[in-house]
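Note sheet for the following structure.
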Amino acid sequence: MTQYLIKGVSVLGRKPTDLLIRDGVIAEGDAAEGTQVIDAGGLVALPGLVDLHTHLREPGREDAETVETGSRAAARGGYTAVCAMANTSPVADTAGVVEQVYRLGREAGLVDVQPIGAVTVGLAGERLAELGAMATSAAQVRIFSDDGHCVADPALMRRALEYVKAFDGVIAQHAEEPRLTEGAQMHEGEVATRLGLTGWPAVAEEAIIARDVLLAEHVGSRLHVCHLSTAGSVDVLRNAKARGVKVTAEVTPHHLLLTDERATSYDPVFKVNPPLRTQADVEALRRALREGVIDVVATDHAPHAVEDKECEWAYARPGMLGLETAISIVLDVLGEDWDLIAERMSRTPARIAGLTEHGRDPKRGAPATLTLVDPAARWVVEPGESASRSRNTPYAGMTLPGRIMATFLRGEATVLDGKAVK
Ligand SMILES: [Zn+2]
């Protein structure tokens, strides 16, 4: 195993130091002969990022992404662990499928791929999947989600919350009351009216979150809210947290930056679920993220094949790439508050997912699972240069701050000089 000496790096923005990587950990002592030296002057070391919400598309849509290509995109984005959503084909609703995804992740060896199990069989929202069998499988599933679909039936949601309590599991809800979003194409508001497109009202998200925090409180179980997108949702969450409900929430980079005005281009790259909202929502989400009302930034990395995305707005699938640009968008939005970034993108998501090897600050004795960022770098997003198999980034041509220069997973370099190692 190669040893690395990272020279002059700023750990979480503090004064420059050297980090020696040996046998998978950040070690004491002097560098042995043959150690690879990395000049890290000006770079910032963060614990490896952890994504709670990634769509890897395998099994089933390997033309859009595979566990390997998605893992490579993740490593390039500074991630060392990703939680893979269950809406694959077949759906990850059995021990067999989650173990397959887990094994593919280990084989790729670029990030730890932690499968998320479906809440209901086939994501159909009718009966509970084999939650216990997935939890005790080799994949040790702890997060369950029907993401892409809402667990709309309140009795089923209650039973899911009750079931996972036994093994400290968490239900991650895609909050969308389906009766309120039939035929929806974008955020319900002034822009949708102008464009004549059917709206996806904020209340469809807020109503489900309000219901679910009450259910979680009643059951005493853990709830996680996926991709929070409205100011009203922030209010519901703030209130629930003040009452002591065990609820956490995530926001995506795109909901922190982009608004529904983007739909005026009719470019389906901006079609996403939940939809891009208003500037007032963006500001409320940013504030909530700083305050900790929103706990986590999660990408909702959603690769799509060209034929599913480059078509008329109405027929395009919702979703955007996110893994390779997340840190840059967050730097743009939050500024260089490294401790806050580590908290929202590594420590807290690792804790929610129960990934004890992740989310640990780079210091002696800790696992060498970290990433190095160049905060001074500016780069232009070129879709063709993405490690993802898909090209549906909403940031094409934009100049973004901050570049991942290196990533290490248990002492193995997955990215060096800004390039994927394997
Ligand atoms: Zn979703």
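So you can find residues: chains in the structure tokens are A, B, ... in the order shown, residues in each start at 1, and ligands are numbered from 1 in order.
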
Could you pull the residues within 8 Å of Ala326 (chain A), counting only C-alpha atoms, minus those fewer than 3 positions along the same chain, as a ChimeraX atom specification?
-> /A:77,253,299,322-323,329-330

Residues from last step as file, all heavy atoms, as a short mmCIF file (atom, residue, chain, number, x, y, z; two decimals), in the first residue's frame:
```cif
data_model
loop_
_atom_site.label_atom_id
_atom_site.label_comp_id
_atom_site.auth_asym_id
_atom_site.auth_seq_id
_atom_site.Cartn_x
_atom_site.Cartn_y
_atom_site.Cartn_z
N GLY A 77 -15.88 14.14 -6.76
CA GLY A 77 -16.55 15.20 -6.03
C GLY A 77 -16.14 15.29 -4.57
O GLY A 77 -16.70 16.09 -3.83
N PRO A 253 -27.87 20.74 -3.51
CA PRO A 253 -27.18 21.95 -4.01
C PRO A 253 -28.05 22.75 -4.98
O PRO A 253 -28.07 23.98 -4.92
CB PRO A 253 -25.93 21.38 -4.69
CG PRO A 253 -25.69 20.07 -3.99
CD PRO A 253 -27.06 19.53 -3.68
N THR A 299 -26.98 15.20 -2.57
CA THR A 299 -26.96 15.63 -3.98
C THR A 299 -28.24 15.32 -4.74
O THR A 299 -28.60 16.05 -5.66
CB THR A 299 -25.80 14.98 -4.76
OG1 THR A 299 -26.03 13.58 -4.87
CG2 THR A 299 -24.47 15.29 -4.11
N GLY A 322 -25.17 15.56 -9.78
CA GLY A 322 -24.84 16.42 -8.64
C GLY A 322 -23.52 16.12 -7.94
O GLY A 322 -22.97 16.99 -7.25
N LEU A 323 -23.00 14.91 -8.09
CA LEU A 323 -21.87 14.51 -7.25
C LEU A 323 -20.60 15.33 -7.49
O LEU A 323 -19.87 15.65 -6.54
CB LEU A 323 -21.55 13.02 -7.47
CG LEU A 323 -22.57 12.04 -6.89
CD1 LEU A 323 -22.35 10.64 -7.45
CD2 LEU A 323 -22.49 12.02 -5.36
N ILE A 329 -20.87 24.19 -5.41
CA ILE A 329 -22.11 24.94 -5.20
C ILE A 329 -22.22 25.34 -3.72
O ILE A 329 -22.59 26.47 -3.39
CB ILE A 329 -23.35 24.10 -5.61
CG1 ILE A 329 -23.25 23.65 -7.07
CG2 ILE A 329 -24.64 24.88 -5.35
CD1 ILE A 329 -23.15 24.72 -8.09
N VAL A 330 -21.87 24.41 -2.83
CA VAL A 330 -21.96 24.72 -1.40
C VAL A 330 -20.96 25.82 -1.03
O VAL A 330 -21.29 26.72 -0.24
CB VAL A 330 -21.76 23.44 -0.56
CG1 VAL A 330 -21.61 23.76 0.91
CG2 VAL A 330 -22.94 22.49 -0.78
#
```

At most 7 Å is the cut-off: for each residue in chain A with any atom that close to an atom of ligand 1, write down the nearest atom pair and the distance in Å rounded to one decimal, counting only C-alpha atoms and all ligand atoms, chain first then increasing number, as a tab-separated table.
```
residue	atom	partner	partner_atom_place_in_ligand_line	distance
A:Asp147	CA	ligand 1	1 (Zn)	4.5
A:Gly148	CA	ligand 1	1 (Zn)	4.4
A:His149	CA	ligand 1	1 (Zn)	6.8
A:His174	CA	ligand 1	1 (Zn)	4.8
A:Cys226	CA	ligand 1	1 (Zn)	6.4
A:His227	CA	ligand 1	1 (Zn)	6.6
A:Asn273	CA	ligand 1	1 (Zn)	6.3
A:Pro274	CA	ligand 1	1 (Zn)	6.9
```

Find the residue from A:Arg287, A:Arg389, A:Tyr102, A:Leu331 that sits nearest to Val306 (chain A); use only C-alpha atoms when measuring.
-> A:Arg389

Run DSSP on the backbone of this structure and report the residues of region 182-310 of chain A it assigns to helix (DSSP H, G or I), as an MDAnalysis selection string.
-> chainID A and resid 190:195 202:219 231:242 253:257 260:265 268:270 279:291 306:309

Write out as an MDAnalysis selection string the residues lying within 7 Å of Asp39 (chain A), counting only C-alpha atoms and excluding same-chain residues fewer than 2 positions away.
-> chainID A and resid 6:8 37 41

Show which residues sit within 7 Å of Leu161 (chain A), as a count of residues only. Count only C-alpha atoms, and ignore same-chain residues fewer than 6 positions away.
-> 4

Compile the contact shell of Ile143 (chain A) as a PyMOL selection string: residues with an atom at most 6 Å away, counting only C-alpha atoms, same-chain residues fewer than 6 positions apart removed.
-> chain A and resi 116+169-171

Kindly export the residues of the current selection with C-alpha atoms, as a PDB file, in the first residue's frame.
```pdb
ATOM      1  CA  ILE A 116     -30.891   2.159   0.795  1.00  0.00           C
ATOM      2  CA  GLY A 169     -33.327   2.421  11.216  1.00  0.00           C
ATOM      3  CA  VAL A 170     -34.634   5.561   9.586  1.00  0.00           C
ATOM      4  CA  ILE A 171     -37.320   6.194   6.988  1.00  0.00           C
TER       5      ILE A 171
END
```

Taking the DSSP assignment computed from this structure's backbone, write out as a VMD selection string all residues of region 197-327 of chain A that belong to strand (DSSP E or B).
-> chain A and resid 199 to 200 222 to 225 247 to 251 296 to 297 301 320

Could you turn the residues from that selection into a file that holds C-alpha atoms, as a CSV table (one decimal), in the first residue's frame?
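As a result, again_39.csv now contains:
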```csv
chain,number,residue,atom,x,y,z
A,199,GLY,CA,-47.9,23.4,-11.0
A,200,TRP,CA,-46.4,21.3,-8.2
A,222,ARG,CA,-36.4,8.4,13.3
A,223,LEU,CA,-37.6,10.3,10.2
A,224,HIS,CA,-35.4,11.8,7.5
A,225,VAL,CA,-36.9,14.3,5.0
A,247,VAL,CA,-36.3,14.3,12.5
A,248,THR,CA,-33.4,15.2,10.1
A,249,ALA,CA,-33.6,16.8,6.7
A,250,GLU,CA,-31.5,17.3,3.6
A,251,VAL,CA,-31.3,20.0,0.9
A,296,VAL,CA,-27.4,17.9,5.6
A,297,VAL,CA,-26.6,18.7,2.0
A,301,HIS,CA,-27.5,12.8,-8.1
A,320,MET,CA,-29.9,16.3,-12.4
```

Considering only C-alpha atoms, give me a table of residues in region 273-372 of chain A that are at most 9 Å from region 10-34 of chain A, with the closest atom pair and distance in Å for each, as CSV.
```
residue,atom,partner,partner_atom,distance
A:Glu336,CA,A:Gly13,CA,8.3
A:Asp337,CA,A:Gly13,CA,8.2
A:Trp338,CA,A:Leu12,CA,5.2
A:Asp339,CA,A:Leu12,CA,6.1
A:Ala342,CA,A:Leu12,CA,7.8
A:Asp361,CA,A:Val11,CA,8.2
A:Pro362,CA,A:Val11,CA,6.9
A:Lys363,CA,A:Ile26,CA,6.3
A:Arg364,CA,A:Ile26,CA,4.9
A:Gly365,CA,A:Ile26,CA,5.4
A:Ala366,CA,A:Ile26,CA,5.7
A:Pro367,CA,A:Val25,CA,4.3
A:Ala368,CA,A:Val25,CA,4.4
A:Thr369,CA,A:Val25,CA,7.9
```

Emit the selected residues as a PDB file, in the first residue's frame, including C-alpha atoms.
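Result file follows (part-v7.pdb):
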```pdb
ATOM      1  CA  GLU A 336     -15.399  29.013   3.070  1.00  0.00           C
ATOM      2  CA  ASP A 337     -16.913  27.949   6.400  1.00  0.00           C
ATOM      3  CA  TRP A 338     -15.046  24.620   6.503  1.00  0.00           C
ATOM      4  CA  ASP A 339     -16.357  23.409   9.814  1.00  0.00           C
ATOM      5  CA  ALA A 342     -17.708  19.249   7.181  1.00  0.00           C
ATOM      6  CA  ASP A 361     -11.908  14.767  10.965  1.00  0.00           C
ATOM      7  CA  PRO A 362      -8.457  14.140   9.451  1.00  0.00           C
ATOM      8  CA  LYS A 363      -6.129  13.836  12.420  1.00  0.00           C
ATOM      9  CA  ARG A 364      -3.640  11.299  13.774  1.00  0.00           C
ATOM     10  CA  GLY A 365      -5.233   7.947  14.464  1.00  0.00           C
ATOM     11  CA  ALA A 366      -8.314   8.595  12.312  1.00  0.00           C
ATOM     12  CA  PRO A 367      -9.061   6.573   9.163  1.00  0.00           C
ATOM     13  CA  ALA A 368      -7.356   8.125   6.123  1.00  0.00           C
ATOM     14  CA  THR A 369     -10.727   8.789   4.533  1.00  0.00           C
TER      15      THR A 369
END
```

Please provide as a count of residues only all residues within 12 Å of Val97 (chain A), with the sequence filter that same-chain residues fewer than 3 positions apart are discarded (counting only C-alpha atoms).
-> 31

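Our summary of the geometry notes that CA of Thr259 (chain A) is positioned 22.7 Å from CA of Gln173 (chain A).
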
Spatial neighbours of region 211-215 of chain A, 12 Å, only C-alpha atoms, chain gap at least 4 places, as a compact mmCIF listing (two decimals) with all heavy atoms, in the first residue's frame:
```txt
# COMPACT_ATOMS: atom_id res chain seq x y z
N CYS A 150 -43.60 8.91 -2.96
CA CYS A 150 -43.88 9.21 -1.56
C CYS A 150 -44.57 7.99 -0.95
O CYS A 150 -45.38 7.34 -1.62
CB CYS A 150 -44.82 10.42 -1.50
SG CYS A 150 -45.22 10.96 0.16
N VAL A 151 -44.24 7.67 0.31
CA VAL A 151 -45.06 6.70 1.03
C VAL A 151 -46.30 7.48 1.47
O VAL A 151 -46.31 8.15 2.51
CB VAL A 151 -44.33 6.09 2.25
CG1 VAL A 151 -45.22 5.07 2.96
CG2 VAL A 151 -43.01 5.45 1.83
N ALA A 152 -47.32 7.46 0.63
CA ALA A 152 -48.46 8.37 0.80
C ALA A 152 -49.45 7.86 1.84
O ALA A 152 -50.10 8.65 2.52
CB ALA A 152 -49.16 8.57 -0.54
N ASP A 153 -49.56 6.53 1.98
CA ASP A 153 -50.53 5.94 2.91
C ASP A 153 -50.04 6.13 4.35
O ASP A 153 -48.99 5.59 4.73
CB ASP A 153 -50.66 4.45 2.56
CG ASP A 153 -51.62 3.70 3.48
OD1 ASP A 153 -51.90 4.20 4.60
OD2 ASP A 153 -52.07 2.61 3.10
N PRO A 154 -50.77 6.87 5.16
CA PRO A 154 -50.28 7.16 6.52
C PRO A 154 -50.18 5.92 7.41
O PRO A 154 -49.29 5.85 8.27
CB PRO A 154 -51.31 8.15 7.08
CG PRO A 154 -52.51 8.01 6.22
CD PRO A 154 -52.05 7.52 4.89
N ALA A 155 -51.04 4.93 7.20
CA ALA A 155 -50.98 3.72 8.02
C ALA A 155 -49.71 2.93 7.68
O ALA A 155 -49.03 2.40 8.58
CB ALA A 155 -52.22 2.86 7.77
N LEU A 156 -49.37 2.90 6.40
CA LEU A 156 -48.16 2.20 5.97
C LEU A 156 -46.91 2.93 6.48
O LEU A 156 -45.95 2.31 6.95
CB LEU A 156 -48.16 2.17 4.43
CG LEU A 156 -47.40 1.07 3.72
CD1 LEU A 156 -47.79 -0.31 4.22
CD2 LEU A 156 -47.64 1.18 2.22
N MET A 157 -46.95 4.25 6.43
CA MET A 157 -45.83 5.05 6.93
C MET A 157 -45.64 4.81 8.42
O MET A 157 -44.53 4.64 8.90
CB MET A 157 -46.08 6.54 6.62
CG MET A 157 -44.93 7.44 6.98
SD MET A 157 -43.43 7.08 6.00
CE MET A 157 -42.30 8.30 6.70
N ARG A 158 -46.73 4.75 9.13
CA ARG A 158 -46.65 4.50 10.58
C ARG A 158 -46.02 3.13 10.84
O ARG A 158 -45.14 2.98 11.69
CB ARG A 158 -48.06 4.57 11.19
CG ARG A 158 -48.05 4.19 12.64
CD ARG A 158 -49.44 4.03 13.22
NE ARG A 158 -49.35 3.57 14.60
CZ ARG A 158 -50.35 3.59 15.46
NH1 ARG A 158 -51.53 4.04 15.09
NH2 ARG A 158 -50.18 3.16 16.69
N ARG A 159 -46.46 2.12 10.11
CA ARG A 159 -45.93 0.78 10.33
C ARG A 159 -44.44 0.70 9.99
O ARG A 159 -43.66 0.04 10.67
CB ARG A 159 -46.74 -0.26 9.55
CG ARG A 159 -48.01 -0.64 10.31
CD ARG A 159 -48.49 -2.03 9.96
NE ARG A 159 -49.08 -2.00 8.63
CZ ARG A 159 -48.76 -2.82 7.63
NH1 ARG A 159 -47.85 -3.76 7.81
NH2 ARG A 159 -49.35 -2.71 6.47
N ALA A 160 -44.04 1.40 8.93
CA ALA A 160 -42.62 1.42 8.55
C ALA A 160 -41.79 2.05 9.67
O ALA A 160 -40.74 1.52 10.05
CB ALA A 160 -42.44 2.19 7.24
N LEU A 161 -42.28 3.16 10.20
CA LEU A 161 -41.57 3.83 11.30
C LEU A 161 -41.46 2.91 12.51
O LEU A 161 -40.42 2.83 13.16
CB LEU A 161 -42.28 5.14 11.67
CG LEU A 161 -42.12 6.30 10.69
CD1 LEU A 161 -43.18 7.38 10.94
CD2 LEU A 161 -40.72 6.91 10.75
N GLU A 162 -42.54 2.20 12.81
CA GLU A 162 -42.53 1.27 13.95
C GLU A 162 -41.54 0.14 13.72
O GLU A 162 -40.79 -0.24 14.61
CB GLU A 162 -43.95 0.69 14.17
CG GLU A 162 -44.89 1.68 14.83
CD GLU A 162 -46.35 1.23 14.83
OE1 GLU A 162 -46.72 0.30 14.08
OE2 GLU A 162 -47.14 1.83 15.57
N ILE A 171 -36.56 6.12 8.23
CA ILE A 171 -37.32 6.19 6.99
C ILE A 171 -37.04 7.55 6.35
O ILE A 171 -37.25 8.61 6.97
CB ILE A 171 -38.84 6.06 7.24
CG1 ILE A 171 -39.18 4.75 8.00
CG2 ILE A 171 -39.61 6.14 5.92
CD1 ILE A 171 -38.94 3.47 7.24
N ALA A 172 -36.54 7.52 5.12
CA ALA A 172 -36.26 8.75 4.37
C ALA A 172 -37.42 8.98 3.40
O ALA A 172 -37.62 8.20 2.48
CB ALA A 172 -34.93 8.63 3.63
N GLN A 173 -38.15 10.03 3.65
CA GLN A 173 -39.37 10.26 2.89
C GLN A 173 -39.18 11.26 1.75
O GLN A 173 -38.62 12.34 1.95
CB GLN A 173 -40.47 10.77 3.83
CG GLN A 173 -41.79 11.15 3.19
CD GLN A 173 -42.62 9.97 2.68
OE1 GLN A 173 -42.22 9.27 1.75
NE2 GLN A 173 -43.78 9.76 3.29
N HIS A 174 -39.64 10.87 0.57
CA HIS A 174 -39.79 11.80 -0.57
C HIS A 174 -41.18 12.42 -0.38
O HIS A 174 -42.19 11.79 -0.68
CB HIS A 174 -39.67 11.02 -1.88
CG HIS A 174 -40.08 11.77 -3.10
ND1 HIS A 174 -39.18 12.10 -4.10
CD2 HIS A 174 -41.27 12.27 -3.51
CE1 HIS A 174 -39.82 12.75 -5.05
NE2 HIS A 174 -41.09 12.86 -4.73
N ALA A 175 -41.20 13.62 0.19
CA ALA A 175 -42.45 14.22 0.64
C ALA A 175 -43.21 14.88 -0.52
O ALA A 175 -42.87 15.98 -0.95
CB ALA A 175 -42.17 15.25 1.74
N GLU A 176 -44.20 14.16 -1.01
CA GLU A 176 -45.00 14.68 -2.14
C GLU A 176 -46.37 14.04 -2.08
O GLU A 176 -46.51 12.84 -2.38
CB GLU A 176 -44.30 14.32 -3.47
CG GLU A 176 -45.12 14.69 -4.69
CD GLU A 176 -44.45 14.29 -6.01
OE1 GLU A 176 -43.32 13.75 -5.99
OE2 GLU A 176 -45.08 14.52 -7.06
N GLU A 177 -47.36 14.79 -1.67
CA GLU A 177 -48.74 14.28 -1.63
C GLU A 177 -49.19 14.09 -3.09
O GLU A 177 -49.41 15.07 -3.81
CB GLU A 177 -49.63 15.28 -0.89
CG GLU A 177 -51.13 15.02 -1.00
CD GLU A 177 -51.53 13.58 -0.73
OE1 GLU A 177 -51.39 13.12 0.42
OE2 GLU A 177 -51.98 12.91 -1.69
N VAL A 203 -47.36 23.21 -0.95
CA VAL A 203 -48.14 22.54 0.11
C VAL A 203 -48.14 21.01 -0.04
O VAL A 203 -48.32 20.29 0.94
CB VAL A 203 -49.58 23.12 0.16
CG1 VAL A 203 -50.38 22.72 -1.08
CG2 VAL A 203 -50.30 22.69 1.43
N ALA A 204 -47.90 20.51 -1.25
CA ALA A 204 -47.85 19.05 -1.44
C ALA A 204 -46.67 18.46 -0.67
O ALA A 204 -46.73 17.31 -0.21
CB ALA A 204 -47.75 18.71 -2.92
N GLU A 205 -45.60 19.21 -0.55
CA GLU A 205 -44.44 18.77 0.24
C GLU A 205 -44.69 19.02 1.73
O GLU A 205 -44.48 18.14 2.58
CB GLU A 205 -43.20 19.55 -0.22
CG GLU A 205 -41.95 19.29 0.61
CD GLU A 205 -40.71 19.95 0.00
OE1 GLU A 205 -40.41 19.69 -1.19
OE2 GLU A 205 -40.05 20.75 0.70
N GLU A 206 -45.16 20.21 2.04
CA GLU A 206 -45.31 20.63 3.44
C GLU A 206 -46.33 19.76 4.18
O GLU A 206 -46.14 19.43 5.36
CB GLU A 206 -45.69 22.11 3.48
CG GLU A 206 -44.55 23.01 2.97
CD GLU A 206 -45.03 24.32 2.34
OE1 GLU A 206 -46.24 24.64 2.44
OE2 GLU A 206 -44.18 25.02 1.74
N ALA A 207 -47.42 19.39 3.49
CA ALA A 207 -48.47 18.59 4.13
C ALA A 207 -47.93 17.22 4.55
O ALA A 207 -48.25 16.72 5.63
CB ALA A 207 -49.66 18.43 3.18
N VAL A 219 -44.71 7.62 17.18
CA VAL A 219 -44.07 6.31 17.24
C VAL A 219 -42.75 6.37 18.02
O VAL A 219 -42.30 5.37 18.55
CB VAL A 219 -43.83 5.80 15.78
CG1 VAL A 219 -43.02 4.53 15.76
CG2 VAL A 219 -45.16 5.60 15.06
N GLY A 220 -42.14 7.56 18.07
CA GLY A 220 -40.83 7.70 18.71
C GLY A 220 -39.71 7.16 17.84
O GLY A 220 -38.71 6.64 18.32
N SER A 221 -39.89 7.31 16.54
CA SER A 221 -38.94 6.74 15.58
C SER A 221 -38.25 7.85 14.79
O SER A 221 -38.63 9.01 14.88
CB SER A 221 -39.72 5.83 14.64
OG SER A 221 -38.86 4.94 14.01
N ARG A 222 -37.22 7.46 14.02
CA ARG A 222 -36.44 8.44 13.27
C ARG A 222 -37.00 8.64 11.86
O ARG A 222 -37.21 7.69 11.11
CB ARG A 222 -34.98 7.99 13.15
CG ARG A 222 -34.20 8.07 14.44
CD ARG A 222 -32.90 7.31 14.30
NE ARG A 222 -32.03 7.93 13.30
CZ ARG A 222 -31.06 7.27 12.65
NH1 ARG A 222 -30.86 6.00 12.85
NH2 ARG A 222 -30.31 7.92 11.78
N LEU A 223 -37.17 9.91 11.51
CA LEU A 223 -37.62 10.29 10.18
C LEU A 223 -36.55 11.16 9.54
O LEU A 223 -35.95 12.01 10.21
CB LEU A 223 -38.93 11.10 10.29
CG LEU A 223 -39.42 11.80 9.02
CD1 LEU A 223 -39.94 10.79 8.00
CD2 LEU A 223 -40.53 12.81 9.36
N HIS A 224 -36.28 10.93 8.26
CA HIS A 224 -35.40 11.81 7.51
C HIS A 224 -36.18 12.33 6.31
O HIS A 224 -36.83 11.56 5.61
CB HIS A 224 -34.15 11.07 7.05
CG HIS A 224 -33.22 11.91 6.24
ND1 HIS A 224 -32.43 12.90 6.80
CD2 HIS A 224 -32.99 11.96 4.91
CE1 HIS A 224 -31.74 13.50 5.84
NE2 HIS A 224 -32.05 12.94 4.68
N VAL A 225 -36.13 13.65 6.09
CA VAL A 225 -36.86 14.25 4.98
C VAL A 225 -35.90 14.48 3.83
O VAL A 225 -34.90 15.20 3.97
CB VAL A 225 -37.52 15.58 5.40
CG1 VAL A 225 -38.34 16.14 4.24
CG2 VAL A 225 -38.39 15.39 6.64
N SER A 233 -41.72 24.29 4.37
CA SER A 233 -41.19 23.04 4.92
C SER A 233 -40.19 23.33 6.03
O SER A 233 -40.14 22.61 7.04
CB SER A 233 -40.50 22.21 3.82
OG SER A 233 -41.43 21.80 2.86
N VAL A 236 -42.12 24.01 9.22
CA VAL A 236 -42.65 22.78 9.81
C VAL A 236 -41.54 22.05 10.55
O VAL A 236 -41.70 21.57 11.68
CB VAL A 236 -43.28 21.87 8.73
CG1 VAL A 236 -43.68 20.52 9.33
CG2 VAL A 236 -44.48 22.54 8.08
N LEU A 237 -40.38 21.98 9.90
CA LEU A 237 -39.24 21.27 10.47
C LEU A 237 -38.73 21.95 11.74
O LEU A 237 -38.42 21.30 12.74
CB LEU A 237 -38.14 21.22 9.41
CG LEU A 237 -36.99 20.29 9.65
CD1 LEU A 237 -37.45 18.84 9.60
CD2 LEU A 237 -35.90 20.52 8.61
N ARG A 238 -38.65 23.28 11.68
CA ARG A 238 -38.16 24.04 12.84
C ARG A 238 -39.06 23.77 14.05
O ARG A 238 -38.58 23.50 15.16
CB ARG A 238 -38.13 25.53 12.51
CG ARG A 238 -37.52 26.38 13.62
CD ARG A 238 -37.51 27.87 13.28
NE ARG A 238 -36.38 28.22 12.44
CZ ARG A 238 -36.45 28.71 11.21
NH1 ARG A 238 -37.62 28.89 10.64
NH2 ARG A 238 -35.36 29.01 10.55
N ASN A 239 -40.34 23.79 13.80
CA ASN A 239 -41.32 23.54 14.85
C ASN A 239 -41.19 22.12 15.42
O ASN A 239 -41.17 21.91 16.63
CB ASN A 239 -42.72 23.78 14.25
CG ASN A 239 -43.82 23.53 15.25
OD1 ASN A 239 -44.14 22.38 15.55
ND2 ASN A 239 -44.39 24.60 15.78
N ALA A 240 -41.03 21.14 14.54
CA ALA A 240 -40.90 19.74 14.98
C ALA A 240 -39.64 19.55 15.81
O ALA A 240 -39.66 18.88 16.84
CB ALA A 240 -40.89 18.82 13.77
N LYS A 241 -38.55 20.16 15.37
CA LYS A 241 -37.29 20.00 16.10
C LYS A 241 -37.39 20.66 17.49
O LYS A 241 -36.85 20.12 18.46
CB LYS A 241 -36.14 20.61 15.31
CG LYS A 241 -35.74 19.73 14.13
CD LYS A 241 -34.47 20.22 13.49
CE LYS A 241 -33.87 19.10 12.64
NZ LYS A 241 -32.52 19.42 12.18
N ALA A 242 -38.08 21.79 17.54
CA ALA A 242 -38.24 22.46 18.83
C ALA A 242 -39.02 21.59 19.80
O ALA A 242 -38.83 21.67 21.01
CB ALA A 242 -38.95 23.80 18.63
N ARG A 243 -39.91 20.75 19.27
CA ARG A 243 -40.68 19.84 20.13
C ARG A 243 -39.91 18.56 20.46
O ARG A 243 -40.40 17.71 21.18
CB ARG A 243 -42.00 19.47 19.46
CG ARG A 243 -43.07 20.54 19.52
CD ARG A 243 -44.47 19.91 19.44
NE ARG A 243 -44.55 18.85 18.44
CZ ARG A 243 -44.67 19.06 17.13
NH1 ARG A 243 -44.73 20.28 16.66
NH2 ARG A 243 -44.73 18.04 16.31
N GLY A 244 -38.74 18.39 19.85
CA GLY A 244 -37.92 17.21 20.17
C GLY A 244 -38.17 16.00 19.30
O GLY A 244 -37.74 14.89 19.62
N VAL A 245 -38.86 16.19 18.18
CA VAL A 245 -39.10 15.07 17.26
C VAL A 245 -37.76 14.65 16.64
O VAL A 245 -36.93 15.49 16.31
CB VAL A 245 -40.08 15.50 16.13
CG1 VAL A 245 -40.33 14.35 15.17
CG2 VAL A 245 -41.40 15.99 16.73
N LYS A 246 -37.58 13.33 16.50
CA LYS A 246 -36.32 12.81 15.93
C LYS A 246 -36.39 12.88 14.41
O LYS A 246 -36.64 11.89 13.71
CB LYS A 246 -36.09 11.37 16.39
CG LYS A 246 -35.66 11.31 17.85
CD LYS A 246 -35.23 9.90 18.24
CE LYS A 246 -36.39 9.14 18.84
NZ LYS A 246 -36.04 7.79 19.29
N VAL A 247 -36.20 14.08 13.90
CA VAL A 247 -36.30 14.29 12.45
C VAL A 247 -35.04 15.00 11.96
O VAL A 247 -34.52 15.89 12.63
CB VAL A 247 -37.58 15.09 12.08
CG1 VAL A 247 -37.62 16.46 12.75
CG2 VAL A 247 -37.70 15.26 10.57
N THR A 248 -34.54 14.55 10.81
CA THR A 248 -33.44 15.24 10.14
C THR A 248 -33.88 15.54 8.71
O THR A 248 -34.86 14.96 8.23
CB THR A 248 -32.17 14.35 10.10
OG1 THR A 248 -32.52 13.08 9.55
CG2 THR A 248 -31.59 14.16 11.50
N ALA A 249 -33.16 16.45 8.06
CA ALA A 249 -33.57 16.82 6.70
C ALA A 249 -32.36 17.18 5.86
O ALA A 249 -31.33 17.59 6.38
CB ALA A 249 -34.54 18.00 6.74
```

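Of the listed residues A:Asp300, A:Asp308, A:Asp260, A:Glu190, the one whose atoms come nearest to Ala74 (chain A) is A:Asp300, with distances taken using only C-alpha atoms.
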
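Residue nearest Arg142 (chain A), chosen from A:Thr414, A:Thr69, A:Gln114, A:Thr393 and counting only C-alpha atoms: A:Gln114.
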